[in-house]
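J.: Contents of structure_29.tsv (TSV, C-alpha atoms and all ligand atoms) are below:
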```tsv
chain	number	residue	atom	x	y	z
A	1	MET	CA	39.04	-41.89	64.67
A	2	THR	CA	41.18	-42.25	67.76
A	3	ASP	CA	44.40	-40.53	68.75
A	4	ASN	CA	46.26	-43.69	68.07
A	5	PRO	CA	47.54	-43.35	64.48
A	6	ALA	CA	47.59	-47.14	64.03
A	7	SER	CA	43.87	-47.35	64.73
A	8	ALA	CA	43.30	-45.40	61.54
A	9	LEU	CA	44.43	-48.55	59.76
A	10	GLU	CA	41.75	-50.75	61.16
A	11	GLN	CA	39.47	-52.00	58.43
A	12	ASP	CA	36.27	-50.66	59.92
A	13	GLN	CA	37.86	-47.26	60.24
A	14	LEU	CA	38.85	-47.37	56.58
A	15	ASP	CA	35.37	-48.52	55.56
A	16	ALA	CA	33.84	-45.69	57.60
A	17	ALA	CA	36.15	-43.17	55.91
A	18	VAL	CA	35.15	-44.45	52.48
A	19	SER	CA	31.40	-44.30	53.13
A	20	ALA	CA	31.66	-40.86	54.77
A	21	ALA	CA	33.50	-39.63	51.67
A	22	GLU	CA	30.93	-41.19	49.32
A	23	LYS	CA	28.12	-39.53	51.23
A	24	ALA	CA	29.83	-36.14	51.27
A	25	PHE	CA	30.58	-36.26	47.54
A	26	GLU	CA	27.09	-37.42	46.70
A	27	SER	CA	25.48	-34.59	48.64
A	28	ALA	CA	27.71	-31.88	47.09
A	29	ALA	CA	25.22	-29.75	45.16
A	30	ASP	CA	27.76	-28.08	42.87
A	31	LEU	CA	31.45	-28.05	41.96
A	32	ASN	CA	32.27	-25.61	44.80
A	33	GLU	CA	30.79	-27.87	47.46
A	34	LEU	CA	32.52	-30.81	45.86
A	35	ALA	CA	35.89	-29.04	46.12
A	36	THR	CA	35.33	-28.49	49.85
A	37	ALA	CA	34.40	-32.17	50.32
A	38	LYS	CA	37.50	-33.19	48.38
A	39	THR	CA	39.77	-31.34	50.82
A	40	ALA	CA	38.02	-33.07	53.73
A	41	HIS	CA	38.16	-36.58	52.28
A	42	LEU	CA	41.19	-36.67	49.98
A	43	GLY	CA	43.28	-33.79	51.43
A	44	ASP	CA	46.42	-34.05	53.55
A	45	LYS	CA	44.40	-34.30	56.76
A	46	SER	CA	41.74	-36.65	55.47
A	47	PRO	CA	41.31	-40.07	57.17
A	48	VAL	CA	42.73	-42.07	54.24
A	49	LEU	CA	45.80	-39.83	53.90
A	50	LEU	CA	46.41	-39.98	57.67
A	51	ALA	CA	46.04	-43.77	57.46
A	52	ARG	CA	48.63	-43.93	54.72
A	53	ARG	CA	51.04	-41.91	56.84
A	54	ALA	CA	50.44	-44.27	59.77
A	55	ILE	CA	51.71	-47.25	57.73
A	56	GLY	CA	55.29	-46.24	58.48
A	57	SER	CA	54.82	-46.81	62.20
A	58	LEU	CA	53.68	-50.43	61.72
A	59	PRO	CA	55.98	-53.38	62.19
A	60	GLY	CA	57.48	-54.40	58.84
A	61	LYS	CA	55.41	-57.54	58.25
A	62	GLU	CA	52.10	-55.73	58.64
A	63	ARG	CA	52.95	-52.90	56.29
A	64	ALA	CA	52.25	-54.65	52.97
A	65	ASP	CA	48.76	-55.72	54.01
A	66	ALA	CA	47.95	-52.32	55.51
A	67	GLY	CA	49.29	-50.58	52.41
A	68	LYS	CA	47.01	-52.64	50.15
A	69	ARG	CA	43.92	-51.92	52.24
A	70	VAL	CA	44.68	-48.22	52.41
A	71	ASN	CA	45.13	-48.13	48.65
A	72	VAL	CA	41.81	-49.89	48.07
A	73	ALA	CA	40.13	-47.36	50.36
A	74	LYS	CA	41.81	-44.41	48.68
A	75	GLN	CA	40.87	-45.70	45.23
A	76	ALA	CA	37.25	-46.05	46.35
A	77	VAL	CA	37.22	-42.48	47.67
A	78	THR	CA	38.89	-41.15	44.48
A	79	ALA	CA	36.44	-43.06	42.27
A	80	ALA	CA	33.48	-41.64	44.22
A	81	TYR	CA	34.94	-38.17	43.81
A	82	GLU	CA	35.52	-38.56	40.03
A	83	ALA	CA	32.04	-39.98	39.48
A	84	ARG	CA	30.40	-37.06	41.26
A	85	ARG	CA	32.64	-34.55	39.48
A	86	SER	CA	31.70	-35.72	36.02
A	87	VAL	CA	28.00	-35.56	36.92
A	88	LEU	CA	28.32	-32.01	38.30
A	89	GLU	CA	30.44	-30.84	35.36
A	90	ALA	CA	27.87	-32.09	32.89
A	91	GLU	CA	25.12	-30.31	34.83
A	92	GLU	CA	27.16	-27.12	34.90
A	93	ALA	CA	27.79	-27.22	31.12
A	94	GLU	CA	24.09	-27.71	30.53
A	95	ARG	CA	23.22	-24.81	32.81
A	96	ILE	CA	25.63	-22.49	30.98
A	97	LEU	CA	24.18	-23.51	27.63
A	98	ARG	CA	20.68	-22.91	28.87
A	99	GLU	CA	21.26	-19.62	30.67
A	100	GLU	CA	23.73	-18.00	28.33
A	101	THR	CA	22.15	-18.92	25.02
A	102	VAL	CA	21.88	-15.99	22.60
A	103	ASP	CA	18.56	-15.94	20.78
A	104	VAL	CA	19.53	-14.55	17.42
A	105	THR	CA	15.88	-14.17	16.45
A	106	ALA	CA	15.04	-12.02	19.48
A	107	ARG	CA	13.77	-8.52	18.71
A	108	THR	CA	15.89	-5.68	20.02
A	109	PRO	CA	14.80	-2.07	20.28
A	110	ARG	CA	16.50	-0.63	17.20
A	111	ARG	CA	17.26	3.03	16.82
A	112	ARG	CA	17.23	4.56	13.36
A	113	THR	CA	20.44	6.45	12.78
A	114	GLY	CA	19.48	8.20	9.56
A	115	SER	CA	17.14	8.15	6.63
A	116	ARG	CA	17.11	8.64	2.90
A	117	HIS	CA	17.37	12.23	1.77
A	118	PRO	CA	13.90	13.83	1.48
A	119	VAL	CA	14.69	15.03	-2.05
A	120	ASN	CA	15.45	11.48	-3.20
A	121	VAL	CA	12.35	10.18	-1.44
A	122	GLN	CA	10.29	12.84	-3.19
A	123	MET	CA	11.76	12.01	-6.61
A	124	ASP	CA	11.05	8.31	-6.08
A	125	ARG	CA	7.49	9.16	-5.12
A	126	ILE	CA	7.07	11.13	-8.32
A	127	ALA	CA	8.58	8.33	-10.40
A	128	ASP	CA	6.25	5.79	-8.73
A	129	LEU	CA	3.25	8.00	-9.32
A	130	PHE	CA	3.94	8.26	-13.06
A	131	ALA	CA	4.99	4.62	-13.35
A	132	ALA	CA	1.50	3.79	-12.05
A	133	MET	CA	0.09	5.72	-15.06
A	134	GLY	CA	2.24	3.67	-17.45
A	135	PHE	CA	5.10	6.16	-17.83
A	136	THR	CA	8.70	5.01	-18.08
A	137	VAL	CA	11.31	6.68	-15.86
A	138	GLY	CA	14.14	8.25	-17.84
A	139	ASP	CA	17.36	10.05	-17.08
A	140	GLY	CA	20.29	11.70	-18.81
A	141	PRO	CA	23.80	12.96	-18.12
A	142	GLU	CA	24.38	15.94	-15.84
A	143	ILE	CA	27.30	17.11	-18.00
A	144	GLU	CA	25.83	17.87	-21.42
A	145	LEU	CA	26.80	19.03	-24.84
A	146	GLU	CA	25.39	22.52	-25.28
A	147	TRP	CA	23.34	21.11	-28.15
A	148	PHE	CA	21.21	19.00	-25.81
A	149	ASN	CA	20.77	21.73	-23.23
A	150	PHE	CA	19.98	24.51	-25.76
A	151	ASP	CA	20.08	24.03	-29.55
A	152	ALA	CA	17.92	20.90	-29.80
A	153	LEU	CA	15.44	22.63	-27.50
A	154	ASN	CA	15.20	25.53	-29.93
A	155	ILE	CA	17.28	27.82	-27.71
A	156	HIS	CA	19.72	29.37	-30.20
A	157	PRO	CA	23.11	30.89	-29.29
A	158	ASP	CA	21.77	34.45	-29.41
A	159	HIS	CA	18.60	33.58	-27.53
A	160	PRO	CA	18.23	35.47	-24.22
A	161	ALA	CA	17.20	32.26	-22.45
A	162	ARG	CA	20.71	31.00	-23.05
A	163	THR	CA	22.23	33.68	-20.88
A	164	MET	CA	19.25	34.00	-18.58
A	165	MET	CA	19.75	30.44	-17.49
A	166	ASP	CA	23.02	31.21	-15.64
A	167	THR	CA	24.89	28.26	-17.05
A	168	PHE	CA	27.99	26.58	-15.69
A	169	HIS	CA	30.26	26.15	-18.71
A	170	ILE	CA	32.92	23.48	-18.96
A	171	ALA	CA	35.61	24.24	-21.55
A	172	ASP	CA	36.29	21.45	-24.04
A	173	THR	CA	40.04	22.11	-23.77
A	174	ASN	CA	41.12	19.04	-25.73
A	175	GLY	CA	38.58	19.67	-28.45
A	176	GLU	CA	37.22	16.19	-27.77
A	177	PHE	CA	33.55	17.07	-28.11
A	178	GLY	CA	33.73	19.80	-30.75
A	179	SER	CA	31.37	21.78	-28.58
A	180	ASN	CA	31.38	23.37	-25.18
A	181	LEU	CA	30.07	21.31	-22.34
A	182	VAL	CA	27.67	22.59	-19.73
A	183	LEU	CA	26.19	21.33	-16.49
A	184	ARG	CA	22.58	20.84	-17.52
A	185	THR	CA	20.46	23.79	-16.44
A	186	HIS	CA	17.21	21.83	-16.66
A	187	THR	CA	15.97	18.28	-17.09
A	188	SER	CA	14.49	19.19	-20.49
A	189	THR	CA	17.68	17.65	-21.97
A	190	VAL	CA	16.10	14.28	-21.18
A	191	GLN	CA	13.30	15.12	-23.66
A	192	ILE	CA	15.92	15.14	-26.43
A	193	HIS	CA	17.72	11.97	-25.29
A	194	THR	CA	14.39	10.17	-25.03
A	195	MET	CA	13.12	11.23	-28.46
A	196	LEU	CA	16.44	10.37	-30.12
A	197	ASN	CA	16.46	6.92	-28.56
A	198	GLN	CA	12.84	5.97	-28.88
A	199	GLN	CA	9.99	6.30	-31.34
A	200	PRO	CA	6.55	7.45	-30.13
A	201	PRO	CA	4.45	6.59	-28.26
A	202	ILE	CA	6.55	8.16	-25.53
A	203	TYR	CA	5.31	8.52	-21.96
A	204	THR	CA	8.25	9.31	-19.72
A	205	VAL	CA	9.10	11.15	-16.53
A	206	ALA	CA	12.65	12.13	-15.54
A	207	PRO	CA	13.51	13.41	-12.07
A	208	GLY	CA	17.10	14.59	-11.73
A	209	ARG	CA	19.73	17.06	-10.61
A	210	VAL	CA	20.33	20.36	-12.40
A	211	TYR	CA	22.78	23.25	-11.99
A	212	ARG	CA	22.67	27.03	-12.28
A	213	THR	CA	25.12	29.70	-11.20
A	214	ASP	CA	22.86	30.94	-8.42
A	215	GLU	CA	24.16	32.19	-5.09
A	216	VAL	CA	22.96	30.16	-2.12
A	217	ASP	CA	20.13	31.80	-0.18
A	218	SER	CA	16.87	30.70	1.41
A	219	THR	CA	15.26	29.97	-1.97
A	220	HIS	CA	18.25	29.40	-4.30
A	221	SER	CA	20.99	26.84	-4.66
A	222	PRO	CA	23.40	26.21	-7.56
A	223	VAL	CA	22.43	22.53	-7.34
A	224	PHE	CA	18.78	21.56	-7.27
A	225	HIS	CA	16.35	19.06	-8.75
A	226	GLN	CA	13.61	19.07	-11.33
A	227	THR	CA	11.14	16.57	-12.69
A	228	GLU	CA	10.63	16.52	-16.42
A	229	GLY	CA	7.61	14.97	-18.07
A	230	LEU	CA	7.26	14.18	-21.77
A	231	VAL	CA	4.44	12.61	-23.74
A	232	VAL	CA	4.54	12.18	-27.53
A	233	ASP	CA	1.79	10.23	-29.25
A	234	LYS	CA	-0.91	10.57	-31.89
A	235	GLY	CA	-3.63	13.08	-31.01
A	236	ILE	CA	-2.14	14.44	-27.79
A	237	THR	CA	-3.72	17.77	-26.84
A	238	MET	CA	-3.43	20.41	-24.16
A	239	ALA	CA	-6.37	18.74	-22.38
A	240	ASP	CA	-4.13	15.69	-21.80
A	241	LEU	CA	-1.49	18.01	-20.35
A	242	ARG	CA	-3.99	19.63	-17.98
A	243	GLY	CA	-5.42	16.31	-16.85
A	244	THR	CA	-1.96	14.91	-16.19
A	245	LEU	CA	-0.86	18.00	-14.23
A	246	ASP	CA	-4.05	17.93	-12.21
A	247	HIS	CA	-3.53	14.33	-11.21
A	248	PHE	CA	0.11	15.04	-10.43
A	249	ALA	CA	-0.83	18.00	-8.21
A	250	LYS	CA	-3.50	16.06	-6.31
A	251	ALA	CA	-1.11	13.16	-5.69
A	252	LEU	CA	1.59	15.48	-4.40
A	253	PHE	CA	-0.35	18.14	-2.54
A	254	GLY	CA	-3.63	16.47	-1.59
A	255	ALA	CA	-7.06	15.83	-3.07
A	256	GLU	CA	-8.14	19.51	-2.87
A	257	ALA	CA	-5.20	20.69	-4.97
A	258	GLN	CA	-6.04	22.40	-8.26
A	259	THR	CA	-3.91	23.63	-11.13
A	260	ARG	CA	-4.03	26.80	-13.19
A	261	LEU	CA	-2.20	27.50	-16.44
A	262	ARG	CA	-0.94	31.00	-17.22
A	263	PRO	CA	0.27	31.83	-20.76
A	264	SER	CA	4.06	32.01	-20.89
A	265	TYR	CA	6.98	31.39	-23.19
A	266	PHE	CA	9.51	28.59	-23.55
A	267	PRO	CA	11.39	28.10	-26.83
A	268	PHE	CA	10.80	24.33	-26.75
A	269	THR	CA	7.03	24.40	-26.21
A	270	GLU	CA	4.28	26.12	-28.22
A	271	PRO	CA	1.99	27.18	-26.72
A	272	SER	CA	3.68	27.45	-23.33
A	273	ALA	CA	2.32	28.05	-19.86
A	274	GLU	CA	3.32	28.45	-16.25
A	275	VAL	CA	1.62	25.96	-13.93
A	276	ASP	CA	0.31	27.25	-10.65
A	277	VAL	CA	-1.07	25.02	-7.94
A	278	TRP	CA	-3.73	25.98	-5.43
A	279	PHE	CA	-2.17	25.36	-2.07
A	280	ALA	CA	-4.79	25.43	0.69
A	281	GLU	CA	-2.41	24.67	3.53
A	282	HIS	CA	0.02	27.50	2.89
A	283	LYS	CA	1.22	28.94	6.19
A	284	ASP	CA	0.15	32.43	5.11
A	285	GLY	CA	-3.27	31.25	3.93
A	286	PRO	CA	-4.57	29.48	0.78
A	287	ARG	CA	-3.08	30.78	-2.47
A	288	TRP	CA	-1.85	30.02	-5.98
A	289	ILE	CA	1.79	28.98	-6.01
A	290	GLU	CA	4.04	28.94	-9.06
A	291	TRP	CA	5.00	25.30	-9.57
A	292	GLY	CA	6.66	24.87	-12.98
A	293	GLY	CA	6.56	25.31	-16.73
A	294	CYS	CA	4.79	23.34	-19.43
A	295	GLY	CA	3.44	23.38	-22.96
A	296	MET	CA	2.93	21.46	-26.19
A	297	VAL	CA	6.23	20.20	-27.57
A	298	ASN	CA	7.39	22.67	-30.25
A	299	PRO	CA	7.23	21.00	-33.72
A	300	ARG	CA	10.80	22.24	-34.30
A	301	VAL	CA	11.96	20.13	-31.33
A	302	LEU	CA	10.11	17.07	-32.67
A	303	ARG	CA	11.75	17.60	-36.06
A	304	ALA	CA	15.22	18.00	-34.50
A	305	CYS	CA	14.68	14.53	-33.02
A	306	GLY	CA	13.42	12.99	-36.27
A	307	ILE	CA	9.77	12.82	-35.26
A	308	ASP	CA	7.13	13.95	-37.80
A	309	PRO	CA	4.99	16.72	-36.23
A	310	GLU	CA	2.30	16.06	-38.85
A	311	VAL	CA	1.77	12.62	-37.31
A	312	TYR	CA	2.64	13.14	-33.67
A	313	SER	CA	2.09	15.80	-31.05
A	314	GLY	CA	3.12	15.96	-27.45
A	315	PHE	CA	3.34	17.86	-24.21
A	316	ALA	CA	6.14	18.50	-21.74
A	317	PHE	CA	6.40	19.92	-18.25
A	318	GLY	CA	9.15	20.66	-15.75
A	319	MET	CA	8.87	21.28	-11.99
A	320	GLY	CA	11.28	22.05	-9.16
A	321	VAL	CA	11.50	19.21	-6.65
A	322	GLU	CA	12.76	21.22	-3.66
A	323	ARG	CA	10.05	23.80	-4.18
A	324	ALA	CA	7.26	21.24	-3.84
A	325	LEU	CA	8.98	19.68	-0.85
A	326	MET	CA	9.27	23.05	0.89
A	327	LEU	CA	5.62	23.86	0.21
A	328	ARG	CA	4.33	20.55	1.37
A	329	HIS	CA	6.27	20.59	4.63
A	330	GLY	CA	6.31	24.31	5.35
A	331	ILE	CA	10.09	24.48	5.04
A	332	THR	CA	11.03	28.13	4.78
A	333	ASP	CA	14.77	27.82	4.13
A	334	LEU	CA	16.09	25.77	1.21
A	335	ARG	CA	19.45	25.48	3.00
A	336	ASP	CA	17.85	23.15	5.57
A	337	ILE	CA	17.36	20.63	2.75
A	338	ILE	CA	20.99	20.69	1.61
A	339	ASP	CA	22.92	21.22	4.84
A	340	GLY	CA	22.95	17.49	5.56
A	341	ASP	CA	22.01	17.74	9.23
A	342	VAL	CA	20.74	14.23	10.00
A	343	ARG	CA	18.17	15.60	12.46
A	344	PHE	CA	16.45	17.58	9.70
A	345	PRO	CA	14.40	14.94	7.85
A	346	ALA	CA	13.23	13.30	11.08
A	347	GLY	CA	10.19	15.53	11.28
A	348	LEU	CA	9.17	15.19	7.64
A	349	ARG	CA	6.42	12.79	6.70
A	350	VAL	CA	8.04	11.96	3.39
A	351	GLU	CA	8.11	8.16	3.59
A	352	GLU	CA	4.37	7.57	3.97
A	401	LIG	N1	12.83	23.52	-18.52
A	401	LIG	C1	11.97	24.58	-18.03
A	401	LIG	C2	12.67	25.32	-16.90
A	401	LIG	O1	13.62	24.80	-16.36
A	401	LIG	C3	10.63	24.09	-17.58
A	401	LIG	C4	9.81	23.48	-18.68
A	401	LIG	C5	9.89	22.13	-18.95
A	401	LIG	C6	8.95	24.25	-19.44
A	401	LIG	C7	9.14	21.56	-19.96
A	401	LIG	C8	8.19	23.69	-20.43
A	401	LIG	C9	8.26	22.39	-20.71
A	401	LIG	O2	12.28	26.41	-16.52
```
For the structure just supplied, provide its representation as structure tokens.

T.:
Amino acid sequence: MTDNPASALEQDQLDAAVSAAEKAFESAADLNELATAKTAHLGDKSPVLLARRAIGSLPGKERADAGKRVNVAKQAVTAAYEARRSVLEAEEAERILREETVDVTARTPRRRTGSRHPVNVQMDRIADLFAAMGFTVGDGPEIELEWFNFDALNIHPDHPARTMMDTFHIADTNGEFGSNLVLRTHTSTVQIHTMLNQQPPIYTVAPGRVYRTDEVDSTHSPVFHQTEGLVVDKGITMADLRGTLDHFAKALFGAEAQTRLRPSYFPFTEPSAEVDVWFAEHKDGPRWIEWGGCGMVNPRVLRACGIDPEVYSGFAFGMGVERALMLRHGITDLRDIIDGDVRFPAGLRVEE
């Protein structure tokens, strides 16, 4: 370049401008560098643009030829720029794809924000345990006709057990059911539903929610859970009951667990017994713990369900779910189980 504007129009000057531009564009490593090179070689003060401005100062007859040559040079510079730009843009797109790809299969550290309720986990465990012995898993309604909760279980209206059980009564105000309704006070109602729906052999277990008008304290709640067990078949004896309870206790409390039956009374079993379990890991030292009730199904109950007690016999048992859970995990306050604090179950080994 010289100070003389017209010299910018000399062909060798134009050729030099074009090859300088091509070199600059080619060596631009990315779109930023290319933008800088563009200003230098296609901007207002670039050689080709200055050359175009110089055309005006030429004598008229030379202008057309100079104009053509400048245009050819400018087109060459522009083409070199466009070619480099499309190469760099393609590289850039590829880089973004490569670097910003989201691997949807990548593992992320996941934090557990809750868990199933320990009572439900415990009831599922119990159901699984009995299912493995060939039992079916039954259930029944939580709102019951009094007949299912009491009469069919040989608990008559004047029977003390009927008032001792602290029942929630629901008035049948529209006379729809012809009987008062209650919230079931025990899962023994499922015995009746099962025997009415199914002929022996019956091997069934029924974990579920029950209700009693108890005040809430560290060992009582008006809503709690029981597990019922019922077996009706030919030749069932108390030895079958003991064996089943023993297996149940060992599965729930550990291999050293033992059971003990103490004579008791339930209207729907005869004979009846309380089941104690030997709990070696009790925080106050090894001891017998009251676990539930059991007995041979009373023939009157079998008859009420249309089963011939001369042909069939059976056993039944019922245990509190929360009680076993508290024992097993050293929980001293029942309210911890029902408060719903999500931090509570975190320390329990209930999902093993
Ligand atoms: N239903 C009894 C209760 O809630 C327990 C029980 C069940 C007793 C089955 C005997 C047989 O106390």

J.: How many Å lie between atom CA of Gly43 of chain A and atom CA of Lys61 of chain A, rounded to one decimal?

T.: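 Going from atom CA of Gly43 of chain A over to atom CA of Lys61 of chain A, I get 27.5 Å.
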
J.: What do you get as a PyMOL selection string if you pick all residues at most 10 Å from ligand LIG 401 (chain A), counting all atoms listed in the file?

T.: chain A and resi 149+153+161+165+184-189+191+210+225-230+264-275+291-298+315-320

J.: Output C-alpha atoms for every residue in that selection, as a PDB file, in the coordinates of the input.

T.:
```
ATOM      1  CA  ASN A 149      20.770  21.730 -23.230  1.00  0.00           C
ATOM      2  CA  LEU A 153      15.440  22.630 -27.500  1.00  0.00           C
ATOM      3  CA  ALA A 161      17.200  32.260 -22.450  1.00  0.00           C
ATOM      4  CA  MET A 165      19.750  30.440 -17.490  1.00  0.00           C
ATOM      5  CA  ARG A 184      22.580  20.840 -17.520  1.00  0.00           C
ATOM      6  CA  THR A 185      20.460  23.790 -16.440  1.00  0.00           C
ATOM      7  CA  HIS A 186      17.210  21.830 -16.660  1.00  0.00           C
ATOM      8  CA  THR A 187      15.970  18.280 -17.090  1.00  0.00           C
ATOM      9  CA  SER A 188      14.490  19.190 -20.490  1.00  0.00           C
ATOM     10  CA  THR A 189      17.680  17.650 -21.970  1.00  0.00           C
ATOM     11  CA  GLN A 191      13.300  15.120 -23.660  1.00  0.00           C
ATOM     12  CA  VAL A 210      20.330  20.360 -12.400  1.00  0.00           C
ATOM     13  CA  HIS A 225      16.350  19.060  -8.750  1.00  0.00           C
ATOM     14  CA  GLN A 226      13.610  19.070 -11.330  1.00  0.00           C
ATOM     15  CA  THR A 227      11.140  16.570 -12.690  1.00  0.00           C
ATOM     16  CA  GLU A 228      10.630  16.520 -16.420  1.00  0.00           C
ATOM     17  CA  GLY A 229       7.610  14.970 -18.070  1.00  0.00           C
ATOM     18  CA  LEU A 230       7.260  14.180 -21.770  1.00  0.00           C
ATOM     19  CA  SER A 264       4.060  32.010 -20.890  1.00  0.00           C
ATOM     20  CA  TYR A 265       6.980  31.390 -23.190  1.00  0.00           C
ATOM     21  CA  PHE A 266       9.510  28.590 -23.550  1.00  0.00           C
ATOM     22  CA  PRO A 267      11.390  28.100 -26.830  1.00  0.00           C
ATOM     23  CA  PHE A 268      10.800  24.330 -26.750  1.00  0.00           C
ATOM     24  CA  THR A 269       7.030  24.400 -26.210  1.00  0.00           C
ATOM     25  CA  GLU A 270       4.280  26.120 -28.220  1.00  0.00           C
ATOM     26  CA  PRO A 271       1.990  27.180 -26.720  1.00  0.00           C
ATOM     27  CA  SER A 272       3.680  27.450 -23.330  1.00  0.00           C
ATOM     28  CA  ALA A 273       2.320  28.050 -19.860  1.00  0.00           C
ATOM     29  CA  GLU A 274       3.320  28.450 -16.250  1.00  0.00           C
ATOM     30  CA  VAL A 275       1.620  25.960 -13.930  1.00  0.00           C
ATOM     31  CA  TRP A 291       5.000  25.300  -9.570  1.00  0.00           C
ATOM     32  CA  GLY A 292       6.660  24.870 -12.980  1.00  0.00           C
ATOM     33  CA  GLY A 293       6.560  25.310 -16.730  1.00  0.00           C
ATOM     34  CA  CYS A 294       4.790  23.340 -19.430  1.00  0.00           C
ATOM     35  CA  GLY A 295       3.440  23.380 -22.960  1.00  0.00           C
ATOM     36  CA  MET A 296       2.930  21.460 -26.190  1.00  0.00           C
ATOM     37  CA  VAL A 297       6.230  20.200 -27.570  1.00  0.00           C
ATOM     38  CA  ASN A 298       7.390  22.670 -30.250  1.00  0.00           C
ATOM     39  CA  PHE A 315       3.340  17.860 -24.210  1.00  0.00           C
ATOM     40  CA  ALA A 316       6.140  18.500 -21.740  1.00  0.00           C
ATOM     41  CA  PHE A 317       6.400  19.920 -18.250  1.00  0.00           C
ATOM     42  CA  GLY A 318       9.150  20.660 -15.750  1.00  0.00           C
ATOM     43  CA  MET A 319       8.870  21.280 -11.990  1.00  0.00           C
ATOM     44  CA  GLY A 320      11.280  22.050  -9.160  1.00  0.00           C
TER      45      GLY A 320
END
```

J.: One decimal, Å: what's the distance from atom CA of Thr204 of chain A over to atom CA of Pro299 of chain A, could you say?

T.: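 Between these atoms lies a distance of 18.3 Å.
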
J.: If the box runs along x, y and z of the file and leaves 4 Å on each side of segment 31-40 of chain A, what are its centre and edge lengths in Å, one decimal, as lines of an AutoDock Vina configuration file?

T.:
```
center_x = 35.3
center_y = -29.4
center_z = 47.8
size_x = 17.0
size_y = 15.6
size_z = 19.8
```

J.: In Å, rounded to a single decimal, give me how far atom CA of Phe150 of chain A is from atom CA of Val121 of chain A.

T.: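 Result for atom CA of Val121 of chain A versus atom CA of Phe150 of chain A: 29.2 Å, one decimal.
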
J.: Which is closest to Asp128 of chain A among A:Phe253, A:Asp233, A:Ala206, A:Ala24, if we use only C-alpha atoms?

T.: A:Ala206

J.: Near Asp276 of chain A, within 7 Å and counting only C-alpha atoms, which residues show up once chain neighbours fewer than 5 positions away are dropped, as a list in words?

T.: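 Near neighbours after the sequence-gap exclusion: Thr259, Arg260, Leu261, Trp288, Ile289, Glu290 and Trp291 of chain A.
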
J.: Leaving out Leu31 of chain A and any residue of its chain fewer than 3 positions from it, which residues lie within 10 Å of it when counting all atoms listed in the file, given as a list in words?

T.: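 Counting all atoms listed in the file, the residues come to Phe25, Ala28, Leu34, Ala35, Thr36, Ala37, Arg84, Arg85, Ser86, Val87, Leu88, Glu89, Glu91 and Glu92 of chain A.
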
J.: Nearest to Asp339 of chain A: which of A:Leu49, A:Phe248, A:Asp284, A:Val216 is it, counting all atoms listed in the file?

T.: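 Nearest to Asp339 of chain A: A:Val216.
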
J.: Rank nothing, just name the residue among A:Glu146, A:Asp151, A:Asp139, A:Asp217 nearest to Asn197 of chain A, using all atoms listed in the file.

T.: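 Among the listed residues, A:Asp139 lies closest to Asn197 of chain A.
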
J.: Could you check the closest approach to His329 of chain A for each of A:Glu33, A:Asp246, A:Glu215, A:Glu281 and tell me which residue wins, using all atoms listed in the file?

T.: A:Glu281

J.: From the set A:Leu196, A:Ala90, A:Ile143, A:Ala324, which residue has the shortest atom-to-atom contact distance to Asp172 of chain A, counting only C-alpha atoms?

T.: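 Of all the options, A:Ile143 lies closest to Asp172 of chain A.
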
J.: For each of A:Leu325, A:Val311, A:Ala76, A:Val301, take the minimum atom-to-atom distance to Leu252 of chain A, counting all atoms listed in the file, then give the residue where this is smallest.

T.: A:Leu325

J.: Excluding Thr237 of chain A and any residue of its chain fewer than 2 positions from it, enumerate the residues within 8 Å of it, using all atoms listed in the file, and give them as a list in words.

T.: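 What passes the distance filter is Gly235, Ala239, Asp240, Leu241, Met296, Ser313, Gly314 and Phe315 of chain A.
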
J.: Up to 12 Å from (4.4, 5.4, -14.5) in the file's coordinates: name the residues, counting all atoms listed in the file, as an MDAnalysis selection string.

T.: chainID A and resid 124:138 202:206 229:231 244 248

J.: Keeping only C-alpha atoms, write the selected residues as a PDB file, in the frame of the given file.

T.:
```pdb
ATOM      1  CA  ASP A 124      11.050   8.310  -6.080  1.00  0.00           C
ATOM      2  CA  ARG A 125       7.490   9.160  -5.120  1.00  0.00           C
ATOM      3  CA  ILE A 126       7.070  11.130  -8.320  1.00  0.00           C
ATOM      4  CA  ALA A 127       8.580   8.330 -10.400  1.00  0.00           C
ATOM      5  CA  ASP A 128       6.250   5.790  -8.730  1.00  0.00           C
ATOM      6  CA  LEU A 129       3.250   8.000  -9.320  1.00  0.00           C
ATOM      7  CA  PHE A 130       3.940   8.260 -13.060  1.00  0.00           C
ATOM      8  CA  ALA A 131       4.990   4.620 -13.350  1.00  0.00           C
ATOM      9  CA  ALA A 132       1.500   3.790 -12.050  1.00  0.00           C
ATOM     10  CA  MET A 133       0.090   5.720 -15.060  1.00  0.00           C
ATOM     11  CA  GLY A 134       2.240   3.670 -17.450  1.00  0.00           C
ATOM     12  CA  PHE A 135       5.100   6.160 -17.830  1.00  0.00           C
ATOM     13  CA  THR A 136       8.700   5.010 -18.080  1.00  0.00           C
ATOM     14  CA  VAL A 137      11.310   6.680 -15.860  1.00  0.00           C
ATOM     15  CA  GLY A 138      14.140   8.250 -17.840  1.00  0.00           C
ATOM     16  CA  ILE A 202       6.550   8.160 -25.530  1.00  0.00           C
ATOM     17  CA  TYR A 203       5.310   8.520 -21.960  1.00  0.00           C
ATOM     18  CA  THR A 204       8.250   9.310 -19.720  1.00  0.00           C
ATOM     19  CA  VAL A 205       9.100  11.150 -16.530  1.00  0.00           C
ATOM     20  CA  ALA A 206      12.650  12.130 -15.540  1.00  0.00           C
ATOM     21  CA  GLY A 229       7.610  14.970 -18.070  1.00  0.00           C
ATOM     22  CA  LEU A 230       7.260  14.180 -21.770  1.00  0.00           C
ATOM     23  CA  VAL A 231       4.440  12.610 -23.740  1.00  0.00           C
ATOM     24  CA  THR A 244      -1.960  14.910 -16.190  1.00  0.00           C
ATOM     25  CA  PHE A 248       0.110  15.040 -10.430  1.00  0.00           C
TER      26      PHE A 248
END
```
